[in-house]
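Dropping structure.csv in here (CSV, N, CA and C atoms):
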```csv
chain,number,residue,atom,x,y,z
A,150,MET,N,0.9,-1.2,0.0
A,150,MET,CA,0.0,0.0,0.0
A,150,MET,C,0.9,1.2,0.0
A,151,GLN,N,0.6,2.1,-0.9
A,151,GLN,CA,1.3,3.4,-1.0
A,151,GLN,C,0.9,4.4,0.1
A,152,THR,N,1.9,5.1,0.6
A,152,THR,CA,1.6,6.1,1.6
A,152,THR,C,2.0,7.5,1.0
A,153,LEU,N,1.1,8.5,1.1
A,153,LEU,CA,1.4,9.8,0.7
A,153,LEU,C,1.1,10.8,1.8
A,154,THR,N,1.8,12.0,1.7
A,154,THR,CA,1.5,13.0,2.7
A,154,THR,C,0.3,13.8,2.2
A,155,THR,N,-0.2,14.6,3.1
A,155,THR,CA,-1.4,15.5,2.7
A,155,THR,C,-1.0,16.5,1.6
A,156,MET,N,0.3,17.0,1.7
A,156,MET,CA,0.7,17.9,0.6
A,156,MET,C,0.8,17.2,-0.7
A,157,ASP,N,1.3,16.0,-0.8
A,157,ASP,CA,1.4,15.2,-2.0
A,157,ASP,C,0.0,15.0,-2.6
A,158,LEU,N,-1.0,14.7,-1.7
A,158,LEU,CA,-2.4,14.6,-2.1
A,158,LEU,C,-2.9,15.8,-2.7
A,159,ARG,N,-2.7,17.0,-2.1
A,159,ARG,CA,-3.2,18.2,-2.6
A,159,ARG,C,-2.6,18.6,-3.9
A,160,LYS,N,-1.3,18.3,-4.1
A,160,LYS,CA,-0.6,18.6,-5.4
A,160,LYS,C,-1.0,17.8,-6.5
A,161,ASN,N,-1.3,16.5,-6.3
A,161,ASN,CA,-1.5,15.5,-7.3
A,161,ASN,C,-2.8,14.7,-7.2
A,162,LEU,N,-3.9,15.4,-6.7
A,162,LEU,CA,-5.1,14.6,-6.5
A,162,LEU,C,-5.7,13.9,-7.7
A,163,GLY,N,-5.7,14.5,-8.8
A,163,GLY,CA,-6.3,13.9,-10.0
A,163,GLY,C,-5.5,12.7,-10.4
A,164,HIS,N,-4.2,12.8,-10.4
A,164,HIS,CA,-3.3,11.7,-10.8
A,164,HIS,C,-3.5,10.5,-9.8
A,165,ILE,N,-3.5,10.9,-8.5
A,165,ILE,CA,-3.6,9.9,-7.5
A,165,ILE,C,-4.9,9.1,-7.6
A,166,LEU,N,-6.0,9.8,-7.8
A,166,LEU,CA,-7.3,9.2,-8.0
A,166,LEU,C,-7.3,8.2,-9.2
A,167,ASP,N,-6.7,8.7,-10.3
A,167,ASP,CA,-6.6,7.8,-11.5
A,167,ASP,C,-5.9,6.5,-11.2
A,168,THR,N,-4.7,6.7,-10.5
A,168,THR,CA,-3.9,5.5,-10.1
A,168,THR,C,-4.6,4.6,-9.2
A,169,ILE,N,-5.4,5.1,-8.2
A,169,ILE,CA,-6.1,4.2,-7.3
A,169,ILE,C,-7.2,3.5,-8.1
A,170,ALA,N,-7.9,4.1,-9.0
A,170,ALA,CA,-8.9,3.5,-9.8
A,170,ALA,C,-8.4,2.4,-10.7
A,171,GLU,N,-7.2,2.7,-11.4
A,171,GLU,CA,-6.6,1.8,-12.3
A,171,GLU,C,-6.0,0.5,-11.6
A,172,LYS,N,-5.3,0.8,-10.5
A,172,LYS,CA,-4.6,-0.3,-9.9
A,172,LYS,C,-5.4,-1.0,-8.8
A,173,ASN,N,-6.5,-0.4,-8.5
A,173,ASN,CA,-7.4,-1.0,-7.5
A,173,ASN,C,-6.7,-1.3,-6.2
A,174,GLU,N,-5.8,-0.3,-5.8
A,174,GLU,CA,-5.0,-0.5,-4.6
A,174,GLU,C,-5.2,0.7,-3.7
A,175,PRO,N,-5.3,0.5,-2.4
A,175,PRO,CA,-5.6,1.7,-1.5
A,175,PRO,C,-4.3,2.5,-1.3
A,176,VAL,N,-4.5,3.8,-0.9
A,176,VAL,CA,-3.5,4.7,-0.6
A,176,VAL,C,-3.7,5.3,0.8
A,177,THR,N,-2.7,5.2,1.6
A,177,THR,CA,-2.8,5.8,2.9
A,177,THR,C,-2.3,7.3,2.9
A,178,ILE,N,-3.1,8.2,3.5
A,178,ILE,CA,-2.7,9.6,3.6
A,178,ILE,C,-2.3,9.9,5.0
A,179,SER,N,-1.1,10.5,5.1
A,179,SER,CA,-0.5,10.8,6.4
A,179,SER,C,-0.2,12.3,6.6
A,180,ARG,N,-0.1,12.7,7.8
A,180,ARG,CA,0.3,14.0,8.2
A,180,ARG,C,1.2,13.9,9.4
A,181,ALA,N,2.4,14.5,9.3
A,181,ALA,CA,3.4,14.4,10.4
A,181,ALA,C,3.7,12.9,10.7
A,182,ASN,N,3.8,12.1,9.7
A,182,ASN,CA,4.2,10.7,9.8
A,182,ASN,C,3.1,9.9,10.6
A,183,LYS,N,1.9,10.4,10.6
A,183,LYS,CA,0.8,9.6,11.3
A,183,LYS,C,-0.3,9.4,10.3
A,184,PRO,N,-0.7,8.2,10.1
A,184,PRO,CA,-1.8,7.9,9.1
A,184,PRO,C,-3.1,8.5,9.5
A,185,LEU,N,-3.7,9.2,8.6
A,185,LEU,CA,-5.0,9.9,8.8
A,185,LEU,C,-6.2,9.2,8.1
A,186,ALA,N,-5.9,8.7,6.9
A,186,ALA,CA,-7.1,8.2,6.1
A,186,ALA,C,-6.5,7.2,5.1
A,187,VAL,N,-7.5,6.5,4.5
A,187,VAL,CA,-7.2,5.6,3.4
A,187,VAL,C,-8.1,5.9,2.3
A,188,ILE,N,-7.6,6.0,1.1
A,188,ILE,CA,-8.5,6.2,-0.1
A,188,ILE,C,-8.5,4.8,-0.8
A,189,LEU,N,-9.8,4.3,-1.1
A,189,LEU,CA,-10.0,3.1,-1.8
A,189,LEU,C,-10.6,3.3,-3.1
A,190,SER,N,-10.4,2.4,-4.0
A,190,SER,CA,-11.2,2.5,-5.3
A,190,SER,C,-12.6,2.1,-5.0
A,191,ILE,N,-13.5,2.5,-5.8
A,191,ILE,CA,-14.9,2.1,-5.6
A,191,ILE,C,-15.2,0.6,-5.6
A,192,ALA,N,-14.4,-0.1,-6.4
A,192,ALA,CA,-14.6,-1.5,-6.5
A,192,ALA,C,-14.2,-2.2,-5.1
A,193,GLU,N,-13.1,-1.7,-4.6
A,193,GLU,CA,-12.6,-2.3,-3.3
A,193,GLU,C,-13.6,-1.9,-2.2
A,194,TYR,N,-14.0,-0.6,-2.2
A,194,TYR,CA,-15.0,-0.2,-1.2
A,194,TYR,C,-16.2,-1.1,-1.2
A,195,GLU,N,-16.8,-1.3,-2.4
A,195,GLU,CA,-18.0,-2.1,-2.5
A,195,GLU,C,-17.7,-3.5,-2.0
A,196,GLU,N,-16.6,-4.1,-2.4
A,196,GLU,CA,-16.2,-5.4,-2.0
A,196,GLU,C,-16.1,-5.6,-0.5
A,197,LYS,N,-15.4,-4.7,0.1
A,197,LYS,CA,-15.1,-4.8,1.6
A,197,LYS,C,-16.1,-4.2,2.5
A,198,VAL,N,-16.5,-3.0,2.3
A,198,VAL,CA,-17.4,-2.3,3.2
A,198,VAL,C,-18.8,-2.7,3.0
A,199,GLN,N,-19.3,-2.6,1.8
A,199,GLN,CA,-20.7,-2.8,1.6
A,199,GLN,C,-21.1,-4.3,1.8
A,200,LYS,N,-20.3,-5.2,1.5
A,200,LYS,CA,-20.6,-6.6,1.7
A,200,LYS,C,-20.6,-6.9,3.2
A,201,LYS,N,-19.7,-6.2,4.0
A,201,LYS,CA,-19.7,-6.4,5.4
A,201,LYS,C,-21.0,-5.8,6.0
A,202,ASN,N,-21.4,-4.6,5.5
A,202,ASN,CA,-22.6,-4.0,6.0
A,202,ASN,C,-23.8,-4.9,5.6
A,203,ARG,N,-23.8,-5.5,4.5
A,203,ARG,CA,-24.9,-6.3,4.0
A,203,ARG,C,-25.0,-7.5,5.0
A,204,GLY,N,-23.9,-8.1,5.3
A,204,GLY,CA,-24.0,-9.3,6.3
A,204,GLY,C,-24.5,-8.9,7.6
A,205,GLN,N,-24.1,-7.7,8.1
A,205,GLN,CA,-24.7,-7.2,9.4
A,205,GLN,C,-26.2,-7.0,9.3
A,206,ARG,N,-26.6,-6.4,8.2
A,206,ARG,CA,-28.1,-6.1,8.0
A,206,ARG,C,-28.9,-7.4,7.9
A,207,LEU,N,-28.3,-8.4,7.2
A,207,LEU,CA,-29.0,-9.7,7.1
A,207,LEU,C,-29.1,-10.4,8.5
A,208,GLU,N,-28.0,-10.3,9.2
A,208,GLU,CA,-28.0,-10.9,10.6
A,208,GLU,C,-29.1,-10.2,11.5
A,209,SER,N,-29.1,-8.9,11.4
A,209,SER,CA,-30.1,-8.1,12.1
A,209,SER,C,-31.5,-8.4,11.7
A,210,LEU,N,-31.8,-8.6,10.4
A,210,LEU,CA,-33.1,-8.9,9.9
A,210,LEU,C,-33.5,-10.3,10.4
A,211,SER,N,-32.5,-11.2,10.3
A,211,SER,CA,-32.8,-12.6,10.7
A,211,SER,C,-33.2,-12.6,12.2
A,212,THR,N,-32.5,-11.9,13.0
A,212,THR,CA,-32.8,-11.8,14.5
A,212,THR,C,-34.2,-11.2,14.7
A,213,ALA,N,-34.5,-10.2,13.9
A,213,ALA,CA,-35.8,-9.5,14.1
A,213,ALA,C,-37.0,-10.5,13.6
A,214,MET,N,-36.7,-11.3,12.6
A,214,MET,CA,-37.7,-12.3,12.1
A,214,MET,C,-37.9,-13.3,13.2
A,215,ASP,N,-36.8,-13.8,13.8
A,215,ASP,CA,-36.9,-14.8,14.9
A,215,ASP,C,-37.8,-14.3,16.0
A,216,VAL,N,-37.5,-13.0,16.4
A,216,VAL,CA,-38.3,-12.4,17.5
A,216,VAL,C,-39.7,-12.3,17.2
A,217,TRP,N,-40.0,-11.9,15.9
A,217,TRP,CA,-41.4,-11.8,15.5
A,217,TRP,C,-42.1,-13.2,15.5
A,218,ARG,N,-41.4,-14.2,15.0
A,218,ARG,CA,-41.9,-15.5,14.9
A,218,ARG,C,-42.3,-16.0,16.3
A,219,GLU,N,-41.4,-15.8,17.3
A,219,GLU,CA,-41.7,-16.2,18.7
A,219,GLU,C,-42.9,-15.5,19.3
A,220,ARG,N,-43.0,-14.2,19.0
A,220,ARG,CA,-44.1,-13.4,19.5
A,220,ARG,C,-45.4,-13.8,18.9
A,221,ASN,N,-45.4,-14.2,17.7
A,221,ASN,CA,-46.6,-14.5,17.0
A,221,ASN,C,-46.8,-16.0,16.7
A,222,ARG,N,-46.2,-16.9,17.5
A,222,ARG,CA,-46.2,-18.3,17.3
A,222,ARG,C,-47.6,-18.9,17.4
A,223,LYS,N,-48.4,-18.4,18.3
A,223,LYS,CA,-49.8,-18.9,18.5
A,223,LYS,C,-50.6,-18.6,17.3
A,224,VAL,N,-50.5,-17.4,16.8
A,224,VAL,CA,-51.3,-16.9,15.7
A,224,VAL,C,-50.9,-17.7,14.4
A,225,THR,N,-49.6,-17.8,14.2
A,225,THR,CA,-49.2,-18.4,13.0
A,225,THR,C,-49.4,-19.9,12.9
A,226,LEU,N,-49.5,-20.6,14.1
A,226,LEU,CA,-49.8,-22.0,14.1
A,226,LEU,C,-51.2,-22.3,13.5
A,227,LEU,N,-52.1,-21.3,13.6
A,227,LEU,CA,-53.5,-21.5,13.1
A,227,LEU,C,-53.6,-21.2,11.6
A,228,VAL,N,-52.6,-20.7,11.0
A,228,VAL,CA,-52.7,-20.3,9.6
A,228,VAL,C,-52.2,-21.4,8.7
A,229,ASP,N,-53.0,-21.8,7.7
A,229,ASP,CA,-52.6,-22.7,6.7
A,229,ASP,C,-51.8,-22.0,5.6
A,230,VAL,N,-50.5,-22.1,5.6
A,230,VAL,CA,-49.7,-21.3,4.7
A,230,VAL,C,-50.0,-21.5,3.3
A,231,VAL,N,-50.2,-22.8,2.9
A,231,VAL,CA,-50.5,-23.1,1.5
A,231,VAL,C,-51.7,-22.4,1.1
A,232,GLN,N,-52.8,-22.5,1.9
A,232,GLN,CA,-54.0,-21.9,1.6
A,232,GLN,C,-53.9,-20.3,1.5
A,233,ALA,N,-53.1,-19.8,2.4
A,233,ALA,CA,-52.9,-18.3,2.4
A,233,ALA,C,-52.2,-17.9,1.1
A,234,VAL,N,-51.2,-18.6,0.7
A,234,VAL,CA,-50.5,-18.3,-0.6
A,234,VAL,C,-51.4,-18.4,-1.8
A,235,ARG,N,-52.2,-19.5,-1.8
A,235,ARG,CA,-53.2,-19.6,-2.9
A,235,ARG,C,-54.2,-18.4,-3.0
A,236,GLU,N,-54.7,-18.1,-1.8
A,236,GLU,CA,-55.6,-17.0,-1.8
A,236,GLU,C,-55.0,-15.7,-2.2
A,237,SER,N,-53.8,-15.5,-1.8
A,237,SER,CA,-53.0,-14.2,-2.2
A,237,SER,C,-52.8,-14.2,-3.7
A,238,ARG,N,-52.5,-15.4,-4.3
A,238,ARG,CA,-52.2,-15.4,-5.7
A,238,ARG,C,-53.5,-15.2,-6.5
A,239,ASP,N,-54.6,-15.8,-6.0
A,239,ASP,CA,-55.9,-15.7,-6.7
A,239,ASP,C,-56.5,-14.3,-6.7
A,240,SER,N,-56.1,-13.5,-5.6
A,240,SER,CA,-56.7,-12.2,-5.5
A,240,SER,C,-55.9,-11.2,-6.4
A,241,ARG,N,-54.9,-11.6,-7.1
A,241,ARG,CA,-54.1,-10.7,-8.0
A,241,ARG,C,-54.8,-10.5,-9.3
```
Structure encoded using structure tokens:
Amino acid sequence: MQTLTTMDLRKNLGHILDTIAEKNEPVTISRANKPLAVILSIAEYEEKVQKKNRGQRLESLSTAMDVWRERNRKVTLLVDVVQAVRESRDSR
């Protein structure tokens, strides 16, 4: 991973962005020899960040569905699912 100073970033922003997009490689931005930020290509961002967030959302949704199922277990036991789906399809 390449490391650049904030001054280098300011001087060459367009070129640096092109390089990041082409090589699909992150760049660390530092000031006073301390890392401040990382710039990722959009492809890498989508791969790492959005997939992680998607997994967390799916886990949260699954938990919410389990809670709902437990709260409504008595009501749902009385429902004939096959019949309910047929009625829903017929009403379209």
To test your reading of the structure, identify every residue in chain A that backbone DSSP assigns to strand (DSSP E or B), and report it as a PDB file with N, CA and C atoms, in the frame of the given file.
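Saved to out-v8.pdb:
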```
ATOM      1  N   GLN A 151       0.600   2.100  -0.900  1.00  0.00           N
ATOM      2  CA  GLN A 151       1.300   3.400  -1.000  1.00  0.00           C
ATOM      3  C   GLN A 151       0.900   4.400   0.100  1.00  0.00           C
ATOM      4  N   THR A 152       1.900   5.100   0.600  1.00  0.00           N
ATOM      5  CA  THR A 152       1.600   6.100   1.600  1.00  0.00           C
ATOM      6  C   THR A 152       2.000   7.500   1.000  1.00  0.00           C
ATOM      7  N   LEU A 153       1.100   8.500   1.100  1.00  0.00           N
ATOM      8  CA  LEU A 153       1.400   9.800   0.700  1.00  0.00           C
ATOM      9  C   LEU A 153       1.100  10.800   1.800  1.00  0.00           C
ATOM     10  N   THR A 154       1.800  12.000   1.700  1.00  0.00           N
ATOM     11  CA  THR A 154       1.500  13.000   2.700  1.00  0.00           C
ATOM     12  C   THR A 154       0.300  13.800   2.200  1.00  0.00           C
ATOM     13  N   VAL A 176      -4.500   3.800  -0.900  1.00  0.00           N
ATOM     14  CA  VAL A 176      -3.500   4.700  -0.600  1.00  0.00           C
ATOM     15  C   VAL A 176      -3.700   5.300   0.800  1.00  0.00           C
ATOM     16  N   THR A 177      -2.700   5.200   1.600  1.00  0.00           N
ATOM     17  CA  THR A 177      -2.800   5.800   2.900  1.00  0.00           C
ATOM     18  C   THR A 177      -2.300   7.300   2.900  1.00  0.00           C
ATOM     19  N   ILE A 178      -3.100   8.200   3.500  1.00  0.00           N
ATOM     20  CA  ILE A 178      -2.700   9.600   3.600  1.00  0.00           C
ATOM     21  C   ILE A 178      -2.300   9.900   5.000  1.00  0.00           C
ATOM     22  N   SER A 179      -1.100  10.500   5.100  1.00  0.00           N
ATOM     23  CA  SER A 179      -0.500  10.800   6.400  1.00  0.00           C
ATOM     24  C   SER A 179      -0.200  12.300   6.600  1.00  0.00           C
ATOM     25  N   ARG A 180      -0.100  12.700   7.800  1.00  0.00           N
ATOM     26  CA  ARG A 180       0.300  14.000   8.200  1.00  0.00           C
ATOM     27  C   ARG A 180       1.200  13.900   9.400  1.00  0.00           C
ATOM     28  N   LYS A 183       1.900  10.400  10.600  1.00  0.00           N
ATOM     29  CA  LYS A 183       0.800   9.600  11.300  1.00  0.00           C
ATOM     30  C   LYS A 183      -0.300   9.400  10.300  1.00  0.00           C
ATOM     31  N   PRO A 184      -0.700   8.200  10.100  1.00  0.00           N
ATOM     32  CA  PRO A 184      -1.800   7.900   9.100  1.00  0.00           C
ATOM     33  C   PRO A 184      -3.100   8.500   9.500  1.00  0.00           C
ATOM     34  N   LEU A 185      -3.700   9.200   8.600  1.00  0.00           N
ATOM     35  CA  LEU A 185      -5.000   9.900   8.800  1.00  0.00           C
ATOM     36  C   LEU A 185      -6.200   9.200   8.100  1.00  0.00           C
ATOM     37  N   ALA A 186      -5.900   8.700   6.900  1.00  0.00           N
ATOM     38  CA  ALA A 186      -7.100   8.200   6.100  1.00  0.00           C
ATOM     39  C   ALA A 186      -6.500   7.200   5.100  1.00  0.00           C
ATOM     40  N   VAL A 187      -7.500   6.500   4.500  1.00  0.00           N
ATOM     41  CA  VAL A 187      -7.200   5.600   3.400  1.00  0.00           C
ATOM     42  C   VAL A 187      -8.100   5.900   2.300  1.00  0.00           C
ATOM     43  N   ILE A 188      -7.600   6.000   1.100  1.00  0.00           N
ATOM     44  CA  ILE A 188      -8.500   6.200  -0.100  1.00  0.00           C
ATOM     45  C   ILE A 188      -8.500   4.800  -0.800  1.00  0.00           C
TER      46      ILE A 188
END
```
Step one, run DSSP on the backbone; step two, keep only residues of region 155-240 of chain A assigned to helix (DSSP H, G or I); then write them as a PyMOL selection string.
chain A and resi 155-160+162-172+191-220+222-226+230-239
List the neighbours of Val176 (chain A) out to 8 Å using only C-alpha atoms; skip same-chain residues closer than 3 positions along the sequence, and give me the result as a list in words.
Met150, Gln151, Thr152, Leu153, Ile169, Val187, Ile188 and Leu189 of chain A
Hey, can you check how far CA of Pro175 (chain A) sits from CA of Gln199 (chain A)?
16.1 Å
Between atom C of Glu195 (chain A) and atom C of Glu174 (chain A), what is the distance in Å, rounded to a tenth?
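For atom C of Glu195 (chain A) relative to atom C of Glu174 (chain A), the distance reads 13.3 Å.
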CA of Ile178 (chain A) to CA of Ser190 (chain A), straight-line distance in Å:
14.2 Å
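Of the residues listed (A:Thr225, A:Thr168, A:Asn173, A:Ser179), A:Ser179 shows the shortest atom-to-atom separation from Thr155 (chain A); distances use all atoms listed in the file.
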Tell me, as an MDAnalysis selection string, which residues lie within 8 Å of Ala192 (chain A), counting all atoms listed in the file; anything in the same chain fewer than 5 positions away does not count.
chainID A and resid 170 173 197:198
I need the residue nearest Ala181 (chain A) from this list: A:Leu166, A:Glu193, A:Thr154, A:Ser209. Use only N, CA and C atoms for the distance.
A:Thr154
Region 208-232 of chain A from the block above, N, CA and C atoms, as a compact mmCIF listing (two decimals), in the first residue's frame, please?
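The result, stored in result-v6.txt:
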```txt
# COMPACT_ATOMS: atom_id res chain seq x y z
N GLU A 208 -28.02 -10.29 9.24
CA GLU A 208 -28.04 -10.87 10.59
C GLU A 208 -29.08 -10.18 11.46
N SER A 209 -29.13 -8.86 11.37
CA SER A 209 -30.11 -8.09 12.14
C SER A 209 -31.53 -8.44 11.72
N LEU A 210 -31.75 -8.56 10.43
CA LEU A 210 -33.07 -8.92 9.91
C LEU A 210 -33.47 -10.32 10.36
N SER A 211 -32.53 -11.23 10.32
CA SER A 211 -32.80 -12.61 10.74
C SER A 211 -33.20 -12.65 12.22
N THR A 212 -32.50 -11.89 13.03
CA THR A 212 -32.82 -11.82 14.46
C THR A 212 -34.21 -11.23 14.67
N ALA A 213 -34.53 -10.17 13.93
CA ALA A 213 -35.85 -9.54 14.06
C ALA A 213 -36.95 -10.51 13.63
N MET A 214 -36.70 -11.27 12.59
CA MET A 214 -37.69 -12.26 12.14
C MET A 214 -37.89 -13.35 13.19
N ASP A 215 -36.82 -13.80 13.81
CA ASP A 215 -36.94 -14.81 14.87
C ASP A 215 -37.75 -14.28 16.05
N VAL A 216 -37.52 -13.03 16.43
CA VAL A 216 -38.27 -12.42 17.54
C VAL A 216 -39.74 -12.33 17.17
N TRP A 217 -40.04 -11.87 15.94
CA TRP A 217 -41.42 -11.77 15.50
C TRP A 217 -42.09 -13.15 15.49
N ARG A 218 -41.37 -14.15 14.98
CA ARG A 218 -41.91 -15.51 14.91
C ARG A 218 -42.27 -16.02 16.31
N GLU A 219 -41.41 -15.79 17.29
CA GLU A 219 -41.69 -16.24 18.65
C GLU A 219 -42.88 -15.50 19.25
N ARG A 220 -42.97 -14.19 19.00
CA ARG A 220 -44.08 -13.41 19.55
C ARG A 220 -45.42 -13.82 18.95
N ASN A 221 -45.39 -14.24 17.69
CA ASN A 221 -46.63 -14.55 16.99
C ASN A 221 -46.82 -16.04 16.73
N ARG A 222 -46.16 -16.87 17.49
CA ARG A 222 -46.19 -18.31 17.26
C ARG A 222 -47.63 -18.86 17.35
N LYS A 223 -48.40 -18.42 18.34
CA LYS A 223 -49.76 -18.94 18.51
C LYS A 223 -50.63 -18.60 17.30
N VAL A 224 -50.51 -17.38 16.82
CA VAL A 224 -51.33 -16.95 15.69
C VAL A 224 -50.92 -17.68 14.42
N THR A 225 -49.62 -17.81 14.20
CA THR A 225 -49.15 -18.42 12.96
C THR A 225 -49.39 -19.92 12.92
N LEU A 226 -49.53 -20.56 14.07
CA LEU A 226 -49.81 -21.99 14.07
C LEU A 226 -51.19 -22.29 13.48
N LEU A 227 -52.09 -21.33 13.59
CA LEU A 227 -53.46 -21.52 13.12
C LEU A 227 -53.61 -21.22 11.63
N VAL A 228 -52.57 -20.69 10.99
CA VAL A 228 -52.66 -20.30 9.59
C VAL A 228 -52.18 -21.44 8.70
N ASP A 229 -53.01 -21.76 7.70
CA ASP A 229 -52.61 -22.74 6.69
C ASP A 229 -51.84 -21.95 5.62
N VAL A 230 -50.54 -22.10 5.61
CA VAL A 230 -49.68 -21.30 4.74
C VAL A 230 -49.99 -21.54 3.28
N VAL A 231 -50.17 -22.78 2.90
CA VAL A 231 -50.45 -23.11 1.50
C VAL A 231 -51.74 -22.42 1.07
N GLN A 232 -52.76 -22.50 1.89
CA GLN A 232 -54.04 -21.87 1.56
C GLN A 232 -53.89 -20.35 1.48
```
